[in-house]
Amino acid sequence: MPDRQAARPRTPGTATRGETVPTTVPPASTPAPRAAVDVAALLERGRTLATPVLRAAVDRLAPPMDTVAAYHFGWIDAAGNPADGDGGKAVRPALAVLSAEVTGAAPEVGIPGAVAVELVHNFSLLHDDLMDGDEQRRHRDTVWKVHGPAQAILVGDALFALAGEVLLELGTAEAGRATRRLTTATRALIDGQAQDISYEHRDWVSVEECLEMEGNKTGALLACASSIGAVLGGADDATADALERYGYHLGLAFQAVDDLLGIWGDPEATGKQTWSDLRQRKKSLPVVAALAAGGPASEQLGEILAADAKSSDVANFSEEEFAARAALIEEAGGRAWTAEEARRQHTVAIEALDAVGMPDRVRDSFTALADFVVVRKR
């Protein structure tokens, strides 16, 4: 299983109020391009292999859950007409089918794992959108906004149940091992969402607590995606654990970038509102790091956010008010620290691959996918 201790940042200021998070970081170093690896092709391969099986699983759902799920995945529009929507980045399916190749198996061996992970991931999105009040995902209205909260809950539950079915129907010992890893990851994911919600109502959250939450909410499922194909291909536990460490730290890098995009991302690219995480009062890494930094900007930000916590009208603040909060986070060093933490977690993820024997082509693909996560724009 992933080494959660290694998720802790090497910089001070990760545990208690009063410690210091640096307001400057070393110059950014963009991962070196790997011309031999076409990341877009890797992502498309995962999507192409997984989508027919994913659609077949969704077709099992009773009406209207089948059409609600199809809308969520972007296969139809709100009126039920066929659509070619943005189904997401497909990082998890790409990792699942790639991990099967670690064992020498064909990528197709990882398809049930890819589909199961995608079902769990989308179960979490349906519920998270409702709990967070998000009205937009992938440039469209969210399911709860179009079809109502009840359908968002029911379809999310159904996708979670389908994930187990897809794996267990294989009827192999490897499928049983894969299912255990998936259910463990799902429980961690739910723990992370519970932590995320609770942190919104706290005045103070440490950087260490935030990393633990994000490791649960994002790292656990990416860890599973990175190993599940290998498990289905017959990998031993040591190999699967090493691949999980890669995925876990990749998840922390992924979430750090997501946290940056949640404040400073371009809505045209992200499909979400401007300042989306600030509107939801999320204690994301940039916010938590800025609050822990100390100094005038940090103190002013803390006072403002404490006042916001008592307001019922944060979502209706003006663009200028949100921009002022974002500027304070950046001035206090939260943006720079988070960018550096994403790069650090990326490095730890790549180092985890050293414990696994695999073809150079497969290793280079894992590395290229990790690079993509750190430099993505959405």
# chains A, B, ... in the order shown; residues from 1 in each chain; ligands from 1
>>> residues_around(residues="segment 361-367 of chain A", least_positions_apart="2", cutoff="7 Å", atoms="only C-alpha atoms", output="count of residues only")
9
>>> residues_around(residues="segment 318-330 of chain A", least_positions_apart="3", cutoff="10 Å", atoms="only C-alpha atoms", output="short mmCIF file (atom, residue, chain, number, x, y, z; two decimals) with C-alpha atoms, in the first residue's frame")
data_model
loop_
_atom_site.label_atom_id
_atom_site.label_comp_id
_atom_site.auth_asym_id
_atom_site.auth_seq_id
_atom_site.Cartn_x
_atom_site.Cartn_y
_atom_site.Cartn_z
CA THR A 23 6.94 32.26 0.44
CA ILE A 263 -8.42 29.28 -7.92
CA TRP A 264 -6.47 30.54 -10.94
CA THR A 274 -13.93 31.54 -11.86
CA TRP A 275 -12.47 31.22 -8.35
CA SER A 276 -14.52 28.02 -7.95
CA LEU A 278 -12.93 30.12 -3.13
CA ARG A 279 -16.66 30.24 -3.77
CA PRO A 286 -2.81 27.13 -1.69
CA VAL A 287 -5.18 28.46 0.99
CA VAL A 288 -3.82 26.28 3.78
CA ALA A 289 -0.19 27.00 2.88
CA ALA A 290 -0.88 30.74 2.74
CA LEU A 291 -2.57 30.70 6.13
CA ALA A 293 2.99 31.10 6.17
CA PRO A 296 0.92 40.45 6.88
CA ALA A 297 -0.74 38.87 3.83
CA SER A 298 -1.29 35.61 5.68
CA GLU A 299 -2.78 37.35 8.69
CA GLN A 300 -5.05 39.53 6.54
CA LEU A 301 -6.21 36.48 4.62
CA GLY A 302 -6.98 34.66 7.87
CA ILE A 304 -11.04 37.73 5.85
CA LEU A 305 -11.67 33.99 5.64
CA VAL A 314 -19.93 34.04 -0.03
CA ALA A 315 -21.08 32.50 -3.31
CA GLY A 333 3.20 32.27 -0.92
CA GLY A 334 0.39 29.73 -1.19
CA ARG A 335 0.46 29.58 -4.97
CA ALA A 336 4.22 29.14 -5.28
CA TRP A 337 4.38 26.59 -2.45
#
>>> residues_around(residues="Asp203 of chain A", least_positions_apart="3", cutoff="10 Å", atoms="only C-alpha atoms", output="MDAnalysis selection string")
chainID A and resid 199:200 283 291 302:303 305:307 309
>>> residues_around(residues="segment 123-126 of chain A", least_positions_apart="4", cutoff="9 Å", atoms="only C-alpha atoms", output="list of chain:residue names")
A:His72, A:Glu118, A:Leu119, A:Leu130, A:Met131, A:Thr142, A:Val143, A:Trp144, A:Ala152, A:Ile153, A:Val155, A:Gly156, A:Asp157, A:Ala158, A:Leu159, A:Phe160, A:Thr186, A:Leu189, A:Ile190, A:Gln193
>>> write_last_selection(atoms="N, CA, C and O atoms", output="PDB file, in the first residue's frame")
ATOM      1  N   HIS A  72     -24.335  12.223 -17.670  1.00  0.00           N
ATOM      2  CA  HIS A  72     -23.146  12.552 -16.872  1.00  0.00           C
ATOM      3  C   HIS A  72     -21.865  12.256 -17.651  1.00  0.00           C
ATOM      4  O   HIS A  72     -20.922  13.051 -17.627  1.00  0.00           O
ATOM      5  N   GLU A 118     -13.088   3.832 -13.309  1.00  0.00           N
ATOM      6  CA  GLU A 118     -13.864   4.946 -13.859  1.00  0.00           C
ATOM      7  C   GLU A 118     -15.253   5.019 -13.230  1.00  0.00           C
ATOM      8  O   GLU A 118     -15.774   6.114 -12.980  1.00  0.00           O
ATOM      9  N   LEU A 119     -15.863   3.872 -12.980  1.00  0.00           N
ATOM     10  CA  LEU A 119     -17.179   3.871 -12.345  1.00  0.00           C
ATOM     11  C   LEU A 119     -17.103   4.451 -10.940  1.00  0.00           C
ATOM     12  O   LEU A 119     -17.952   5.257 -10.540  1.00  0.00           O
ATOM     13  N   LEU A 130     -22.987  17.360  -5.944  1.00  0.00           N
ATOM     14  CA  LEU A 130     -24.169  17.676  -5.139  1.00  0.00           C
ATOM     15  C   LEU A 130     -23.767  18.247  -3.793  1.00  0.00           C
ATOM     16  O   LEU A 130     -24.301  19.281  -3.355  1.00  0.00           O
ATOM     17  N   MET A 131     -22.822  17.610  -3.120  1.00  0.00           N
ATOM     18  CA  MET A 131     -22.413  18.075  -1.792  1.00  0.00           C
ATOM     19  C   MET A 131     -21.757  19.448  -1.849  1.00  0.00           C
ATOM     20  O   MET A 131     -21.940  20.273  -0.951  1.00  0.00           O
ATOM     21  N   THR A 142     -24.290  20.158 -14.126  1.00  0.00           N
ATOM     22  CA  THR A 142     -24.087  18.888 -13.442  1.00  0.00           C
ATOM     23  C   THR A 142     -25.411  18.110 -13.354  1.00  0.00           C
ATOM     24  O   THR A 142     -26.498  18.657 -13.552  1.00  0.00           O
ATOM     25  N   VAL A 143     -25.292  16.824 -13.037  1.00  0.00           N
ATOM     26  CA  VAL A 143     -26.469  15.951 -13.016  1.00  0.00           C
ATOM     27  C   VAL A 143     -27.512  16.445 -12.023  1.00  0.00           C
ATOM     28  O   VAL A 143     -28.717  16.465 -12.330  1.00  0.00           O
ATOM     29  N   TRP A 144     -27.086  16.824 -10.821  1.00  0.00           N
ATOM     30  CA  TRP A 144     -28.089  17.240  -9.838  1.00  0.00           C
ATOM     31  C   TRP A 144     -28.820  18.499 -10.296  1.00  0.00           C
ATOM     32  O   TRP A 144     -30.005  18.686  -9.990  1.00  0.00           O
ATOM     33  N   ALA A 152     -28.893  12.153  -8.761  1.00  0.00           N
ATOM     34  CA  ALA A 152     -27.441  12.205  -8.584  1.00  0.00           C
ATOM     35  C   ALA A 152     -26.985  11.193  -7.543  1.00  0.00           C
ATOM     36  O   ALA A 152     -25.967  10.506  -7.719  1.00  0.00           O
ATOM     37  N   ILE A 153     -27.751  11.069  -6.464  1.00  0.00           N
ATOM     38  CA  ILE A 153     -27.409  10.117  -5.407  1.00  0.00           C
ATOM     39  C   ILE A 153     -27.588   8.677  -5.900  1.00  0.00           C
ATOM     40  O   ILE A 153     -26.704   7.831  -5.748  1.00  0.00           O
ATOM     41  N   VAL A 155     -27.790   7.398  -8.994  1.00  0.00           N
ATOM     42  CA  VAL A 155     -26.897   6.989 -10.074  1.00  0.00           C
ATOM     43  C   VAL A 155     -25.480   6.818  -9.545  1.00  0.00           C
ATOM     44  O   VAL A 155     -24.768   5.878  -9.935  1.00  0.00           O
ATOM     45  N   GLY A 156     -25.066   7.684  -8.642  1.00  0.00           N
ATOM     46  CA  GLY A 156     -23.751   7.502  -8.032  1.00  0.00           C
ATOM     47  C   GLY A 156     -23.650   6.173  -7.311  1.00  0.00           C
ATOM     48  O   GLY A 156     -22.671   5.428  -7.482  1.00  0.00           O
ATOM     49  N   ASP A 157     -24.669   5.837  -6.528  1.00  0.00           N
ATOM     50  CA  ASP A 157     -24.673   4.546  -5.832  1.00  0.00           C
ATOM     51  C   ASP A 157     -24.629   3.388  -6.822  1.00  0.00           C
ATOM     52  O   ASP A 157     -23.925   2.385  -6.606  1.00  0.00           O
ATOM     53  N   ALA A 158     -25.376   3.513  -7.906  1.00  0.00           N
ATOM     54  CA  ALA A 158     -25.441   2.440  -8.893  1.00  0.00           C
ATOM     55  C   ALA A 158     -24.083   2.231  -9.572  1.00  0.00           C
ATOM     56  O   ALA A 158     -23.672   1.088  -9.816  1.00  0.00           O
ATOM     57  N   LEU A 159     -23.387   3.320  -9.871  1.00  0.00           N
ATOM     58  CA  LEU A 159     -22.071   3.188 -10.499  1.00  0.00           C
ATOM     59  C   LEU A 159     -21.088   2.500  -9.559  1.00  0.00           C
ATOM     60  O   LEU A 159     -20.258   1.688 -10.004  1.00  0.00           O
ATOM     61  N   PHE A 160     -21.169   2.802  -8.286  1.00  0.00           N
ATOM     62  CA  PHE A 160     -20.310   2.149  -7.309  1.00  0.00           C
ATOM     63  C   PHE A 160     -20.569   0.642  -7.288  1.00  0.00           C
ATOM     64  O   PHE A 160     -19.644  -0.177  -7.289  1.00  0.00           O
ATOM     65  N   THR A 186     -11.719   2.986  -2.411  1.00  0.00           N
ATOM     66  CA  THR A 186     -12.997   3.702  -2.361  1.00  0.00           C
ATOM     67  C   THR A 186     -13.291   4.194  -0.951  1.00  0.00           C
ATOM     68  O   THR A 186     -13.775   5.314  -0.755  1.00  0.00           O
ATOM     69  N   LEU A 189     -11.240   7.166  -0.409  1.00  0.00           N
ATOM     70  CA  LEU A 189     -11.805   8.293  -1.153  1.00  0.00           C
ATOM     71  C   LEU A 189     -12.955   8.935  -0.376  1.00  0.00           C
ATOM     72  O   LEU A 189     -13.050  10.168  -0.280  1.00  0.00           O
ATOM     73  N   ILE A 190     -13.824   8.112   0.174  1.00  0.00           N
ATOM     74  CA  ILE A 190     -14.964   8.633   0.945  1.00  0.00           C
ATOM     75  C   ILE A 190     -14.468   9.325   2.207  1.00  0.00           C
ATOM     76  O   ILE A 190     -14.990  10.384   2.600  1.00  0.00           O
ATOM     77  N   GLN A 193     -13.384  12.764   1.184  1.00  0.00           N
ATOM     78  CA  GLN A 193     -14.483  13.701   0.963  1.00  0.00           C
ATOM     79  C   GLN A 193     -15.069  14.179   2.285  1.00  0.00           C
ATOM     80  O   GLN A 193     -15.417  15.359   2.431  1.00  0.00           O
TER      81      GLN A 193
END
>>> select_by_dssp(residues="segment 27-245 of chain A", states="strand (DSSP E or B)", output="PyMOL selection string")
chain A and resi 76+82+136-137+140-141
>>> select_by_dssp(residues="segment 98-288 of chain A", states="alpha helix (DSSP H)", output="ChimeraX atom specification")
/A:98-100,111-132,143-147,149-168,173-199,207-214,220-232,237-264,267-270,276-279,285-288
>>> residues_around(residues="Thr218 of chain A", least_positions_apart="2", cutoff="12 Å", atoms="only C-alpha atoms", output="VMD selection string")
chain A and resid 92 120 to 121 124 to 125 185 to 193 196 210 to 216 220 to 225 247 to 259
>>> write_last_selection(atoms="C-alpha atoms", output="PDB file, in the first residue's frame")
ATOM      1  CA  ARG A  92      -7.241   6.603 -14.754  1.00  0.00           C
ATOM      2  CA  VAL A 120     -15.932   4.609  -8.827  1.00  0.00           C
ATOM      3  CA  HIS A 121     -14.418   7.908  -9.928  1.00  0.00           C
ATOM      4  CA  SER A 124     -17.592  10.241  -6.447  1.00  0.00           C
ATOM      5  CA  LEU A 125     -18.065  13.089  -8.945  1.00  0.00           C
ATOM      6  CA  ALA A 185      -9.298   2.811  -2.253  1.00  0.00           C
ATOM      7  CA  THR A 186     -12.997   3.702  -2.361  1.00  0.00           C
ATOM      8  CA  ARG A 187     -13.228   3.796   1.415  1.00  0.00           C
ATOM      9  CA  ALA A 188     -10.203   6.102   1.523  1.00  0.00           C
ATOM     10  CA  LEU A 189     -11.805   8.293  -1.153  1.00  0.00           C
ATOM     11  CA  ILE A 190     -14.964   8.633   0.945  1.00  0.00           C
ATOM     12  CA  ASP A 191     -12.853   9.424   4.027  1.00  0.00           C
ATOM     13  CA  GLY A 192     -11.180  12.173   2.019  1.00  0.00           C
ATOM     14  CA  GLN A 193     -14.483  13.701   0.963  1.00  0.00           C
ATOM     15  CA  ASP A 196     -12.835  17.956   2.814  1.00  0.00           C
ATOM     16  CA  CYS A 210      -4.716  18.892   3.876  1.00  0.00           C
ATOM     17  CA  LEU A 211      -2.217  16.494   2.302  1.00  0.00           C
ATOM     18  CA  GLU A 212      -3.764  13.581   4.185  1.00  0.00           C
ATOM     19  CA  MET A 213      -7.211  14.568   2.928  1.00  0.00           C
ATOM     20  CA  GLU A 214      -6.014  14.933  -0.657  1.00  0.00           C
ATOM     21  CA  GLY A 215      -4.117  11.656  -0.451  1.00  0.00           C
ATOM     22  CA  ASN A 216      -7.384   9.979   0.488  1.00  0.00           C
ATOM     23  CA  ALA A 220      -6.015   6.490  -3.264  1.00  0.00           C
ATOM     24  CA  LEU A 221      -7.979   5.965  -6.471  1.00  0.00           C
ATOM     25  CA  LEU A 222      -5.092   6.952  -8.730  1.00  0.00           C
ATOM     26  CA  ALA A 223      -2.970   4.488  -6.750  1.00  0.00           C
ATOM     27  CA  CYS A 224      -5.518   1.782  -7.483  1.00  0.00           C
ATOM     28  CA  ALA A 225      -5.702   2.740 -11.164  1.00  0.00           C
ATOM     29  CA  GLY A 247      -0.123   6.425  -8.257  1.00  0.00           C
ATOM     30  CA  TYR A 248      -0.598   7.752  -4.740  1.00  0.00           C
ATOM     31  CA  HIS A 249       2.057  10.434  -5.118  1.00  0.00           C
ATOM     32  CA  LEU A 250       0.929  11.125  -8.653  1.00  0.00           C
ATOM     33  CA  GLY A 251      -2.510  11.729  -7.136  1.00  0.00           C
ATOM     34  CA  LEU A 252      -1.066  14.257  -4.704  1.00  0.00           C
ATOM     35  CA  ALA A 253       0.662  16.037  -7.596  1.00  0.00           C
ATOM     36  CA  PHE A 254      -2.574  15.882  -9.595  1.00  0.00           C
ATOM     37  CA  GLN A 255      -4.578  17.374  -6.738  1.00  0.00           C
ATOM     38  CA  ALA A 256      -2.038  20.114  -6.091  1.00  0.00           C
ATOM     39  CA  VAL A 257      -2.366  21.182  -9.725  1.00  0.00           C
ATOM     40  CA  ASP A 258      -6.148  20.878  -9.420  1.00  0.00           C
ATOM     41  CA  ASP A 259      -6.044  23.168  -6.387  1.00  0.00           C
TER      42      ASP A 259
END
>>> atom_distance(atom1="atom CA of Ala116 of chain A", atom2="atom CA of Gly46 of chain A")
12.8 Å
>>> residues_around(residues="Lys272 of chain A", least_positions_apart="5", cutoff="9 Å", atoms="only C-alpha atoms", output="PDB file with all heavy atoms, in the first residue's frame")
ATOM      1  N   ASP A 134     -21.733  22.299  -6.841  1.00  0.00           N
ATOM      2  CA  ASP A 134     -21.172  22.651  -8.147  1.00  0.00           C
ATOM      3  C   ASP A 134     -22.254  22.537  -9.224  1.00  0.00           C
ATOM      4  O   ASP A 134     -22.910  21.495  -9.340  1.00  0.00           O
ATOM      5  CB  ASP A 134     -20.016  21.717  -8.513  1.00  0.00           C
ATOM      6  CG  ASP A 134     -18.717  22.093  -7.820  1.00  0.00           C
ATOM      7  OD1 ASP A 134     -18.626  23.231  -7.322  1.00  0.00           O
ATOM      8  OD2 ASP A 134     -17.812  21.250  -7.770  1.00  0.00           O
ATOM      9  N   GLU A 135     -22.400  23.569 -10.018  1.00  0.00           N
ATOM     10  CA  GLU A 135     -23.408  23.573 -11.072  1.00  0.00           C
ATOM     11  C   GLU A 135     -22.832  23.264 -12.449  1.00  0.00           C
ATOM     12  O   GLU A 135     -23.599  23.048 -13.397  1.00  0.00           O
ATOM     13  CB  GLU A 135     -24.119  24.930 -11.099  1.00  0.00           C
ATOM     14  CG  GLU A 135     -24.863  25.236  -9.810  1.00  0.00           C
ATOM     15  CD  GLU A 135     -25.661  26.520  -9.868  1.00  0.00           C
ATOM     16  OE1 GLU A 135     -25.601  27.209 -10.913  1.00  0.00           O
ATOM     17  OE2 GLU A 135     -26.335  26.839  -8.874  1.00  0.00           O
ATOM     18  N   GLN A 136     -21.503  23.257 -12.573  1.00  0.00           N
ATOM     19  CA  GLN A 136     -20.874  23.008 -13.868  1.00  0.00           C
ATOM     20  C   GLN A 136     -19.789  21.943 -13.731  1.00  0.00           C
ATOM     21  O   GLN A 136     -19.032  21.940 -12.773  1.00  0.00           O
ATOM     22  CB  GLN A 136     -20.237  24.291 -14.417  1.00  0.00           C
ATOM     23  CG  GLN A 136     -21.220  25.349 -14.858  1.00  0.00           C
ATOM     24  CD  GLN A 136     -21.793  25.052 -16.234  1.00  0.00           C
ATOM     25  OE1 GLN A 136     -21.064  24.808 -17.191  1.00  0.00           O
ATOM     26  NE2 GLN A 136     -23.113  25.059 -16.343  1.00  0.00           N
ATOM     27  N   ARG A 137     -19.760  21.039 -14.687  1.00  0.00           N
ATOM     28  CA  ARG A 137     -18.667  20.074 -14.826  1.00  0.00           C
ATOM     29  C   ARG A 137     -18.501  19.774 -16.303  1.00  0.00           C
ATOM     30  O   ARG A 137     -19.466  19.513 -16.999  1.00  0.00           O
ATOM     31  CB  ARG A 137     -18.947  18.782 -14.044  1.00  0.00           C
ATOM     32  CG  ARG A 137     -17.821  17.738 -14.208  1.00  0.00           C
ATOM     33  CD  ARG A 137     -17.988  16.544 -13.308  1.00  0.00           C
ATOM     34  NE  ARG A 137     -17.833  16.882 -11.900  1.00  0.00           N
ATOM     35  CZ  ARG A 137     -16.667  17.054 -11.285  1.00  0.00           C
ATOM     36  NH1 ARG A 137     -15.538  16.959 -11.974  1.00  0.00           N
ATOM     37  NH2 ARG A 137     -16.621  17.349 -10.007  1.00  0.00           N
ATOM     38  N   ARG A 138     -17.247  19.824 -16.757  1.00  0.00           N
ATOM     39  CA  ARG A 138     -16.953  19.543 -18.169  1.00  0.00           C
ATOM     40  C   ARG A 138     -17.798  20.408 -19.094  1.00  0.00           C
ATOM     41  O   ARG A 138     -18.343  19.960 -20.098  1.00  0.00           O
ATOM     42  CB  ARG A 138     -17.171  18.057 -18.472  1.00  0.00           C
ATOM     43  CG  ARG A 138     -16.275  17.142 -17.635  1.00  0.00           C
ATOM     44  CD  ARG A 138     -16.704  15.682 -17.728  1.00  0.00           C
ATOM     45  NE  ARG A 138     -15.909  14.820 -16.850  1.00  0.00           N
ATOM     46  CZ  ARG A 138     -16.261  13.606 -16.464  1.00  0.00           C
ATOM     47  NH1 ARG A 138     -17.412  13.090 -16.870  1.00  0.00           N
ATOM     48  NH2 ARG A 138     -15.480  12.895 -15.673  1.00  0.00           N
ATOM     49  N   HIS A 139     -17.941  21.687 -18.702  1.00  0.00           N
ATOM     50  CA  HIS A 139     -18.606  22.696 -19.537  1.00  0.00           C
ATOM     51  C   HIS A 139     -20.112  22.456 -19.689  1.00  0.00           C
ATOM     52  O   HIS A 139     -20.730  22.984 -20.620  1.00  0.00           O
ATOM     53  CB  HIS A 139     -17.950  22.764 -20.926  1.00  0.00           C
ATOM     54  CG  HIS A 139     -16.471  22.969 -20.884  1.00  0.00           C
ATOM     55  ND1 HIS A 139     -15.900  24.206 -20.690  1.00  0.00           N
ATOM     56  CD2 HIS A 139     -15.440  22.091 -20.990  1.00  0.00           C
ATOM     57  CE1 HIS A 139     -14.579  24.096 -20.693  1.00  0.00           C
ATOM     58  NE2 HIS A 139     -14.275  22.815 -20.864  1.00  0.00           N
ATOM     59  N   GLY A 262      -8.251  25.385  -9.385  1.00  0.00           N
ATOM     60  CA  GLY A 262      -9.496  25.726  -8.707  1.00  0.00           C
ATOM     61  C   GLY A 262      -9.569  27.182  -8.287  1.00  0.00           C
ATOM     62  O   GLY A 262     -10.661  27.687  -7.995  1.00  0.00           O
ATOM     63  N   GLY A 265      -7.431  28.843 -12.426  1.00  0.00           N
ATOM     64  CA  GLY A 265      -7.645  28.224 -13.728  1.00  0.00           C
ATOM     65  C   GLY A 265      -8.552  29.041 -14.624  1.00  0.00           C
ATOM     66  O   GLY A 265      -9.419  29.801 -14.161  1.00  0.00           O
ATOM     67  N   ASP A 266      -8.358  28.879 -15.913  1.00  0.00           N
ATOM     68  CA  ASP A 266      -9.190  29.534 -16.921  1.00  0.00           C
ATOM     69  C   ASP A 266     -10.506  28.773 -17.048  1.00  0.00           C
ATOM     70  O   ASP A 266     -10.495  27.583 -17.393  1.00  0.00           O
ATOM     71  CB  ASP A 266      -8.447  29.541 -18.255  1.00  0.00           C
ATOM     72  CG  ASP A 266      -9.260  30.176 -19.385  1.00  0.00           C
ATOM     73  OD1 ASP A 266     -10.391  30.641 -19.130  1.00  0.00           O
ATOM     74  OD2 ASP A 266      -8.753  30.193 -20.517  1.00  0.00           O
ATOM     75  N   PRO A 267     -11.646  29.419 -16.772  1.00  0.00           N
ATOM     76  CA  PRO A 267     -12.927  28.707 -16.861  1.00  0.00           C
ATOM     77  C   PRO A 267     -13.164  28.066 -18.220  1.00  0.00           C
ATOM     78  O   PRO A 267     -13.818  27.035 -18.317  1.00  0.00           O
ATOM     79  CB  PRO A 267     -13.962  29.798 -16.569  1.00  0.00           C
ATOM     80  CG  PRO A 267     -13.214  30.812 -15.772  1.00  0.00           C
ATOM     81  CD  PRO A 267     -11.815  30.806 -16.304  1.00  0.00           C
TER      82      PRO A 267
END
>>> residues_around(residues="segment 229-232 of chain A", least_positions_apart="6", cutoff="7 Å", atoms="only C-alpha atoms", output="list in words")
Ala96, Val97, Ser99, Ala100, Val102, Thr103, Val109, Gly110, Gly113, Glu174, Ala175, Ala178 and Ala240 of chain A
